[in-house]
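To keep things clear, I will list the structure first and then write my remarks on it.
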Amino acid sequence: MSEPSSPDTPPSLDPVASARWAAWPHAASPWLNEEIGRRMEDRLQWIRLQPKFWVDWAPVSGGLQTHAKLSARYPQAHCQVLETSVEREQLARQALQAPWWRRWLKQDALTFGASEPGSADMLWANMALHTSEDPQTLLRKWHQLLAVDGFLMFSCLGPDTLRELAEVYQNQGWPPACHSFTDMHDWGDMLVQAGFAEPVMDMERITLTYASTQSLIADFRLLGRNLHRDRFAGLRGKQWLARFENALLLLAKPQQDGRLTLTVEVIYGHALKPLPRLKVEQHSSVSLQDMRTLLGQSPSARSV
């Protein structure tokens, strides 16, 4: 009998596969992630706060081109890059780090590695949350990294993603094509549970079309992996591949000129880190970080 999954873990997501994917080195950021990052970056025009220090979470997967757009938007801000593996951090350094002479002159507003808790004015996390084996712990970690009144910007995939492909797999009697994705309302609830305030959730659907089954398969090898617990455990053969390509022809839509069509649901989230609220009980404990924050923000403390 298998072990029960953690309540923080999406029930169909395999934690081992999730960890492997988090460490998988990318030759380049997936184009879909870059496009979603571009759309999310455009939403920053509506936010008044101009961060002086921000964290880019996993930009190798989230979008190296998107990182450049953010750096251009906030040219005076310092950025801390936090990656999900040593290999990915090395790729990020190679792609983003300034030449040595700029670093020697201290003209590079970019560093890598751990960030101080409570230091970031903005935490940017593009297309990372839906593949996390423990999303609520990840949300709490992001909350800890933010300063009071700092904000989180994130995107992830929603439950309508690849619904057409799921129907193909179901009709063929195959195991699921991918793990299930969380609804945006549930993400909003988890944000509040993690300590965030004023969560704003939004969603859009993107239609992907392909001229052939070969182009679809090649694209999806770059975009991700099947992280479902009950995915097929062995290796597939040539006969299955031929059957798979034939089944994919069912995705052709006359309204798309016969091109293979798939839906991607994208969820965007924005939330603030408020001043911590202390629960008054007979015996109360307060973290040192929260106490420092309260003393620094309290009007009565400033007037002493």
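Note on naming: chains are A, B, ... as they come in the structure tokens, residues start from 1 per chain, ligands start from 1 in the order shown.
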
When you look at Gly258 in chain A with a cut-off of 12 Å (counting only C-alpha atoms), what residues show up, excluding the ones that are within fewer than 5 positions of it in the same chain? I need them as a ChimeraX atom specification. /A:209-213,249-253

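Running DSSP on the backbone and keeping only helix (DSSP H, G or I), the residues of range 116-174 of chain A that qualify are Leu129, His130, Thr131, Pro135, Gln136, Thr137, Leu138, Leu139, Arg140, Lys141, Trp142, His143, Gln144, Leu145, Arg163, Glu164, Leu165, Ala166, Glu167, Val168, Tyr169, Gln170, Asn171 and Gln172 of chain A.
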
I need the residues from that last selection saved to file as a PDB file, in the first residue's frame (with N, CA and C atoms), if you can.
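As written to disk, again_7.pdb reads:
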```pdb
ATOM      1  N   LEU A 129       4.658  27.225  -9.849  1.00  0.00           N
ATOM      2  CA  LEU A 129       3.863  26.707  -8.734  1.00  0.00           C
ATOM      3  C   LEU A 129       3.170  25.387  -9.061  1.00  0.00           C
ATOM      4  N   HIS A 130       2.729  25.196 -10.299  1.00  0.00           N
ATOM      5  CA  HIS A 130       1.938  24.009 -10.625  1.00  0.00           C
ATOM      6  C   HIS A 130       2.765  22.730 -10.694  1.00  0.00           C
ATOM      7  N   THR A 131       4.099  22.837 -10.701  1.00  0.00           N
ATOM      8  CA  THR A 131       4.943  21.635 -10.690  1.00  0.00           C
ATOM      9  C   THR A 131       5.606  21.407  -9.338  1.00  0.00           C
ATOM     10  N   PRO A 135       3.216  22.858  -2.739  1.00  0.00           N
ATOM     11  CA  PRO A 135       2.960  24.259  -3.096  1.00  0.00           C
ATOM     12  C   PRO A 135       2.706  25.177  -1.908  1.00  0.00           C
ATOM     13  N   GLN A 136       2.051  24.685  -0.861  1.00  0.00           N
ATOM     14  CA  GLN A 136       1.782  25.563   0.277  1.00  0.00           C
ATOM     15  C   GLN A 136       3.064  25.926   1.030  1.00  0.00           C
ATOM     16  N   THR A 137       3.994  24.971   1.128  1.00  0.00           N
ATOM     17  CA  THR A 137       5.292  25.292   1.725  1.00  0.00           C
ATOM     18  C   THR A 137       6.043  26.306   0.868  1.00  0.00           C
ATOM     19  N   LEU A 138       5.935  26.160  -0.447  1.00  0.00           N
ATOM     20  CA  LEU A 138       6.583  27.108  -1.348  1.00  0.00           C
ATOM     21  C   LEU A 138       5.980  28.503  -1.194  1.00  0.00           C
ATOM     22  N   LEU A 139       4.661  28.587  -1.069  1.00  0.00           N
ATOM     23  CA  LEU A 139       4.021  29.883  -0.865  1.00  0.00           C
ATOM     24  C   LEU A 139       4.485  30.529   0.442  1.00  0.00           C
ATOM     25  N   ARG A 140       4.615  29.718   1.489  1.00  0.00           N
ATOM     26  CA  ARG A 140       5.092  30.259   2.766  1.00  0.00           C
ATOM     27  C   ARG A 140       6.547  30.737   2.649  1.00  0.00           C
ATOM     28  N   LYS A 141       7.352  30.041   1.859  1.00  0.00           N
ATOM     29  CA  LYS A 141       8.739  30.463   1.652  1.00  0.00           C
ATOM     30  C   LYS A 141       8.783  31.805   0.923  1.00  0.00           C
ATOM     31  N   TRP A 142       7.954  31.950  -0.097  1.00  0.00           N
ATOM     32  CA  TRP A 142       7.895  33.227  -0.812  1.00  0.00           C
ATOM     33  C   TRP A 142       7.445  34.341   0.130  1.00  0.00           C
ATOM     34  N   HIS A 143       6.480  34.040   0.976  1.00  0.00           N
ATOM     35  CA  HIS A 143       5.991  35.017   1.944  1.00  0.00           C
ATOM     36  C   HIS A 143       7.112  35.467   2.875  1.00  0.00           C
ATOM     37  N   GLN A 144       7.943  34.537   3.322  1.00  0.00           N
ATOM     38  CA  GLN A 144       9.052  34.865   4.224  1.00  0.00           C
ATOM     39  C   GLN A 144      10.094  35.746   3.550  1.00  0.00           C
ATOM     40  N   LEU A 145      10.303  35.574   2.264  1.00  0.00           N
ATOM     41  CA  LEU A 145      11.311  36.355   1.552  1.00  0.00           C
ATOM     42  C   LEU A 145      10.880  37.799   1.332  1.00  0.00           C
ATOM     43  N   ARG A 163      -6.934  19.744 -21.880  1.00  0.00           N
ATOM     44  CA  ARG A 163      -8.151  18.949 -21.713  1.00  0.00           C
ATOM     45  C   ARG A 163      -8.423  18.071 -22.930  1.00  0.00           C
ATOM     46  N   GLU A 164      -8.070  18.543 -24.125  1.00  0.00           N
ATOM     47  CA  GLU A 164      -8.265  17.735 -25.331  1.00  0.00           C
ATOM     48  C   GLU A 164      -7.359  16.506 -25.318  1.00  0.00           C
ATOM     49  N   LEU A 165      -6.110  16.690 -24.869  1.00  0.00           N
ATOM     50  CA  LEU A 165      -5.187  15.564 -24.802  1.00  0.00           C
ATOM     51  C   LEU A 165      -5.642  14.558 -23.747  1.00  0.00           C
ATOM     52  N   ALA A 166      -6.201  15.052 -22.642  1.00  0.00           N
ATOM     53  CA  ALA A 166      -6.716  14.156 -21.606  1.00  0.00           C
ATOM     54  C   ALA A 166      -7.828  13.271 -22.151  1.00  0.00           C
ATOM     55  N   GLU A 167      -8.679  13.828 -23.019  1.00  0.00           N
ATOM     56  CA  GLU A 167      -9.760  13.041 -23.617  1.00  0.00           C
ATOM     57  C   GLU A 167      -9.202  11.975 -24.548  1.00  0.00           C
ATOM     58  N   VAL A 168      -8.152  12.311 -25.286  1.00  0.00           N
ATOM     59  CA  VAL A 168      -7.520  11.324 -26.172  1.00  0.00           C
ATOM     60  C   VAL A 168      -6.982  10.155 -25.366  1.00  0.00           C
ATOM     61  N   TYR A 169      -6.275  10.454 -24.291  1.00  0.00           N
ATOM     62  CA  TYR A 169      -5.716   9.395 -23.449  1.00  0.00           C
ATOM     63  C   TYR A 169      -6.821   8.539 -22.831  1.00  0.00           C
ATOM     64  N   GLN A 170      -7.882   9.186 -22.383  1.00  0.00           N
ATOM     65  CA  GLN A 170      -8.978   8.454 -21.760  1.00  0.00           C
ATOM     66  C   GLN A 170      -9.662   7.530 -22.763  1.00  0.00           C
ATOM     67  N   ASN A 171      -9.878   8.014 -23.998  1.00  0.00           N
ATOM     68  CA  ASN A 171     -10.525   7.205 -25.027  1.00  0.00           C
ATOM     69  C   ASN A 171      -9.667   6.008 -25.426  1.00  0.00           C
ATOM     70  N   GLN A 172      -8.351   6.144 -25.322  1.00  0.00           N
ATOM     71  CA  GLN A 172      -7.447   5.051 -25.663  1.00  0.00           C
ATOM     72  C   GLN A 172      -7.240   4.079 -24.504  1.00  0.00           C
TER      73      GLN A 172
END
```

Report as number ranges by chain all protein, DNA and RNA residues lying within 12 Å of Ser61 in chain A, evaluated on only C-alpha atoms, omitting residues in the same chain fewer than 4 positions from it. A: 21-34, 36-37, 56-57, 65-67, 82-85, 88-89, 91-92, 125-129, 131, 222-224

Store the residues picked out above in a file with N, CA and C atoms, as an mmCIF file, in the first residue's frame.
```cif
data_model
loop_
_atom_site.group_PDB
_atom_site.id
_atom_site.type_symbol
_atom_site.label_atom_id
_atom_site.label_comp_id
_atom_site.auth_asym_id
_atom_site.auth_seq_id
_atom_site.Cartn_x
_atom_site.Cartn_y
_atom_site.Cartn_z
ATOM 1 N N TRP A 21 12.186 17.111 -12.312
ATOM 2 C CA TRP A 21 11.912 18.162 -13.286
ATOM 3 C C TRP A 21 12.467 19.503 -12.810
ATOM 4 N N ALA A 22 12.425 19.744 -11.494
ATOM 5 C CA ALA A 22 12.964 20.991 -10.950
ATOM 6 C C ALA A 22 14.466 21.095 -11.148
ATOM 7 N N ALA A 23 15.138 19.949 -11.272
ATOM 8 C CA ALA A 23 16.589 19.940 -11.470
ATOM 9 C C ALA A 23 16.978 19.778 -12.932
ATOM 10 N N TRP A 24 16.019 19.559 -13.805
ATOM 11 C CA TRP A 24 16.309 19.306 -15.219
ATOM 12 C C TRP A 24 16.886 20.565 -15.869
ATOM 13 N N PRO A 25 18.096 20.483 -16.441
ATOM 14 C CA PRO A 25 18.687 21.681 -17.069
ATOM 15 C C PRO A 25 18.033 21.984 -18.407
ATOM 16 N N HIS A 26 17.730 23.235 -18.640
ATOM 17 C CA HIS A 26 17.136 23.678 -19.903
ATOM 18 C C HIS A 26 18.209 24.311 -20.770
ATOM 19 N N ALA A 27 18.223 23.941 -22.040
ATOM 20 C CA ALA A 27 19.113 24.622 -22.971
ATOM 21 C C ALA A 27 18.649 26.065 -23.185
ATOM 22 N N ALA A 28 17.340 26.256 -23.123
ATOM 23 C CA ALA A 28 16.745 27.593 -23.232
ATOM 24 C C ALA A 28 15.410 27.555 -22.517
ATOM 25 N N SER A 29 14.920 28.709 -22.114
ATOM 26 C CA SER A 29 13.627 28.764 -21.446
ATOM 27 C C SER A 29 12.525 28.369 -22.423
ATOM 28 N N PRO A 30 11.546 27.564 -21.998
ATOM 29 C CA PRO A 30 10.442 27.181 -22.885
ATOM 30 C C PRO A 30 9.727 28.403 -23.442
ATOM 31 N N TRP A 31 9.423 28.359 -24.728
ATOM 32 C CA TRP A 31 8.851 29.535 -25.375
ATOM 33 C C TRP A 31 7.492 29.912 -24.773
ATOM 34 N N LEU A 32 6.700 28.907 -24.371
ATOM 35 C CA LEU A 32 5.398 29.209 -23.787
ATOM 36 C C LEU A 32 5.563 29.960 -22.466
ATOM 37 N N ASN A 33 6.540 29.556 -21.665
ATOM 38 C CA ASN A 33 6.799 30.260 -20.410
ATOM 39 C C ASN A 33 7.228 31.698 -20.669
ATOM 40 N N GLU A 34 8.024 31.888 -21.718
ATOM 41 C CA GLU A 34 8.443 33.253 -22.064
ATOM 42 C C GLU A 34 7.238 34.099 -22.473
ATOM 43 N N ILE A 36 4.067 33.659 -21.555
ATOM 44 C CA ILE A 36 3.263 33.931 -20.362
ATOM 45 C C ILE A 36 3.969 34.963 -19.482
ATOM 46 N N GLY A 37 5.300 34.868 -19.386
ATOM 47 C CA GLY A 37 6.060 35.863 -18.637
ATOM 48 C C GLY A 37 5.914 37.250 -19.235
ATOM 49 N N ASP A 56 13.930 36.904 -8.415
ATOM 50 C CA ASP A 56 13.456 36.167 -9.592
ATOM 51 C C ASP A 56 13.578 34.686 -9.278
ATOM 52 N N TRP A 57 12.428 34.018 -9.151
ATOM 53 C CA TRP A 57 12.405 32.617 -8.763
ATOM 54 C C TRP A 57 12.473 31.735 -10.015
ATOM 55 N N GLN A 65 14.456 35.596 -21.071
ATOM 56 C CA GLN A 65 14.093 36.829 -21.775
ATOM 57 C C GLN A 65 13.167 37.690 -20.914
ATOM 58 N N THR A 66 12.292 37.023 -20.170
ATOM 59 C CA THR A 66 11.415 37.753 -19.262
ATOM 60 C C THR A 66 12.217 38.462 -18.185
ATOM 61 N N HIS A 67 13.266 37.805 -17.690
ATOM 62 C CA HIS A 67 14.140 38.442 -16.698
ATOM 63 C C HIS A 67 14.726 39.736 -17.261
ATOM 64 N N LEU A 82 17.108 33.107 -7.552
ATOM 65 C CA LEU A 82 17.048 31.871 -6.779
ATOM 66 C C LEU A 82 16.612 30.750 -7.711
ATOM 67 N N GLU A 83 17.482 29.769 -7.890
ATOM 68 C CA GLU A 83 17.175 28.645 -8.774
ATOM 69 C C GLU A 83 16.851 27.385 -7.979
ATOM 70 N N THR A 84 16.348 26.366 -8.681
ATOM 71 C CA THR A 84 15.875 25.152 -8.034
ATOM 72 C C THR A 84 16.908 24.030 -8.007
ATOM 73 N N SER A 85 18.078 24.245 -8.593
ATOM 74 C CA SER A 85 19.149 23.249 -8.544
ATOM 75 C C SER A 85 20.468 23.933 -8.842
ATOM 76 N N ARG A 88 20.863 24.401 -12.632
ATOM 77 C CA ARG A 88 20.103 25.522 -13.190
ATOM 78 C C ARG A 88 20.690 26.871 -12.768
ATOM 79 N N GLU A 89 21.236 26.942 -11.572
ATOM 80 C CA GLU A 89 21.871 28.187 -11.163
ATOM 81 C C GLU A 89 23.069 28.490 -12.054
ATOM 82 N N LEU A 91 23.409 27.606 -15.185
ATOM 83 C CA LEU A 91 22.865 28.071 -16.462
ATOM 84 C C LEU A 91 22.408 29.525 -16.355
ATOM 85 N N ALA A 92 21.785 29.874 -15.231
ATOM 86 C CA ALA A 92 21.338 31.253 -15.032
ATOM 87 C C ALA A 92 22.530 32.208 -14.985
ATOM 88 N N ALA A 125 7.593 34.873 -9.800
ATOM 89 C CA ALA A 125 7.641 33.413 -9.976
ATOM 90 C C ALA A 125 6.748 33.029 -11.147
ATOM 91 N N ASN A 126 7.359 32.860 -12.302
ATOM 92 C CA ASN A 126 6.609 32.559 -13.519
ATOM 93 C C ASN A 126 6.609 31.060 -13.790
ATOM 94 N N MET A 127 5.430 30.463 -13.839
ATOM 95 C CA MET A 127 5.231 29.064 -14.254
ATOM 96 C C MET A 127 6.014 28.076 -13.383
ATOM 97 N N ALA A 128 5.974 28.270 -12.070
ATOM 98 C CA ALA A 128 6.688 27.372 -11.163
ATOM 99 C C ALA A 128 5.775 26.628 -10.210
ATOM 100 N N LEU A 129 4.658 27.225 -9.849
ATOM 101 C CA LEU A 129 3.863 26.707 -8.734
ATOM 102 C C LEU A 129 3.170 25.387 -9.061
ATOM 103 N N THR A 131 4.099 22.837 -10.701
ATOM 104 C CA THR A 131 4.943 21.635 -10.690
ATOM 105 C C THR A 131 5.606 21.407 -9.338
ATOM 106 N N LEU A 222 9.909 19.902 -25.057
ATOM 107 C CA LEU A 222 10.612 21.072 -24.536
ATOM 108 C C LEU A 222 9.841 21.751 -23.411
ATOM 109 N N LEU A 223 8.512 21.626 -23.424
ATOM 110 C CA LEU A 223 7.686 22.375 -22.488
ATOM 111 C C LEU A 223 7.543 21.716 -21.124
ATOM 112 N N GLY A 224 7.631 20.399 -21.037
ATOM 113 C CA GLY A 224 7.425 19.784 -19.735
ATOM 114 C C GLY A 224 7.455 18.268 -19.775
#
```

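Take the candidates A:Arg39, A:Arg48, A:His179, A:Lys69 and check each one against Leu13 in chain A using only C-alpha atoms; the shortest distance goes to A:His179.
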
Please give the complete set of residues from range 68-303 of chain A that DSSP, run on the backbone, assigns to strand (DSSP E), formatted as an MDAnalysis selection string. chainID A and resid 78:82 110:112 120:126 146:157 197:210 260:272

Just write the chosen residues, C-alpha atoms, as a short mmCIF file (atom, residue, chain, number, x, y, z; two decimals), in the first residue's frame.
```cif
data_model
loop_
_atom_site.label_atom_id
_atom_site.label_comp_id
_atom_site.auth_asym_id
_atom_site.auth_seq_id
_atom_site.Cartn_x
_atom_site.Cartn_y
_atom_site.Cartn_z
CA HIS A 78 18.88 44.93 -7.33
CA CYS A 79 17.82 41.39 -8.23
CA GLN A 80 18.50 38.13 -6.43
CA VAL A 81 18.16 35.02 -8.60
CA LEU A 82 17.05 31.87 -6.78
CA LEU A 110 22.40 40.93 -9.88
CA THR A 111 23.37 38.26 -7.35
CA PHE A 112 22.70 34.55 -6.99
CA ALA A 120 12.33 41.60 -1.22
CA ASP A 121 9.91 44.25 -2.45
CA MET A 122 8.75 41.90 -5.22
CA LEU A 123 8.98 38.16 -5.74
CA TRP A 124 8.52 37.09 -9.34
CA ALA A 125 7.64 33.41 -9.98
CA ASN A 126 6.61 32.56 -13.52
CA LEU A 146 9.08 39.38 1.05
CA ALA A 147 9.24 42.57 3.07
CA VAL A 148 6.06 43.99 4.59
CA ASP A 149 4.03 45.64 1.81
CA GLY A 150 6.08 43.67 -0.74
CA PHE A 151 4.13 41.83 -3.39
CA LEU A 152 4.13 38.45 -5.13
CA MET A 153 3.58 38.03 -8.87
CA PHE A 154 3.14 34.47 -10.12
CA SER A 155 1.62 32.41 -12.90
CA CYS A 156 0.83 28.72 -13.26
CA LEU A 157 -1.27 26.31 -15.29
CA ALA A 197 -3.41 39.60 1.81
CA GLU A 198 -5.60 41.00 -0.96
CA PRO A 199 -4.98 38.16 -3.44
CA VAL A 200 -6.09 38.99 -6.96
CA MET A 201 -6.52 36.03 -9.30
CA ASP A 202 -7.05 36.10 -13.04
CA MET A 203 -7.22 33.49 -15.78
CA GLU A 204 -6.98 33.24 -19.54
CA ARG A 205 -6.98 30.41 -22.07
CA ILE A 206 -4.39 30.16 -24.83
CA THR A 207 -5.02 28.02 -27.90
CA LEU A 208 -2.02 26.18 -29.33
CA THR A 209 -2.17 24.86 -32.89
CA TYR A 210 0.19 22.52 -34.72
CA LEU A 260 -4.08 20.07 -34.18
CA THR A 261 -5.50 22.17 -31.34
CA LEU A 262 -4.81 22.18 -27.60
CA THR A 263 -5.93 24.50 -24.81
CA VAL A 264 -3.69 25.93 -22.10
CA GLU A 265 -5.30 27.61 -19.09
CA VAL A 266 -3.03 30.18 -17.46
CA ILE A 267 -3.63 31.50 -13.95
CA TYR A 268 -2.11 34.81 -12.83
CA GLY A 269 -1.85 35.74 -9.17
CA HIS A 270 -0.92 38.88 -7.25
CA ALA A 271 -0.87 39.29 -3.47
CA LEU A 272 0.66 41.52 -0.78
#
```

Measuring atom to atom with only C-alpha atoms, identify which of A:Ala242, A:Ala68, A:Ala218, A:Cys178 is nearest to Gln97 in chain A. A:Ala68

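The interatomic distance for the pair CA of Pro254 in chain A and CA of Gln214 in chain A works out to 19.2 Å.
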
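Of the listed residues A:Pro51, A:Pro11, A:Pro117, A:Pro75, the one whose atoms come nearest to Asp230 in chain A is A:Pro11, with distances taken using only C-alpha atoms.
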
CA of Leu64 in chain A sits from CA of Ala177 in chain A at a separation of 27.6 Å

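Pairwise distance (CA of Asp134 in chain A, CA of Ala19 in chain A) equals 10.4 Å.
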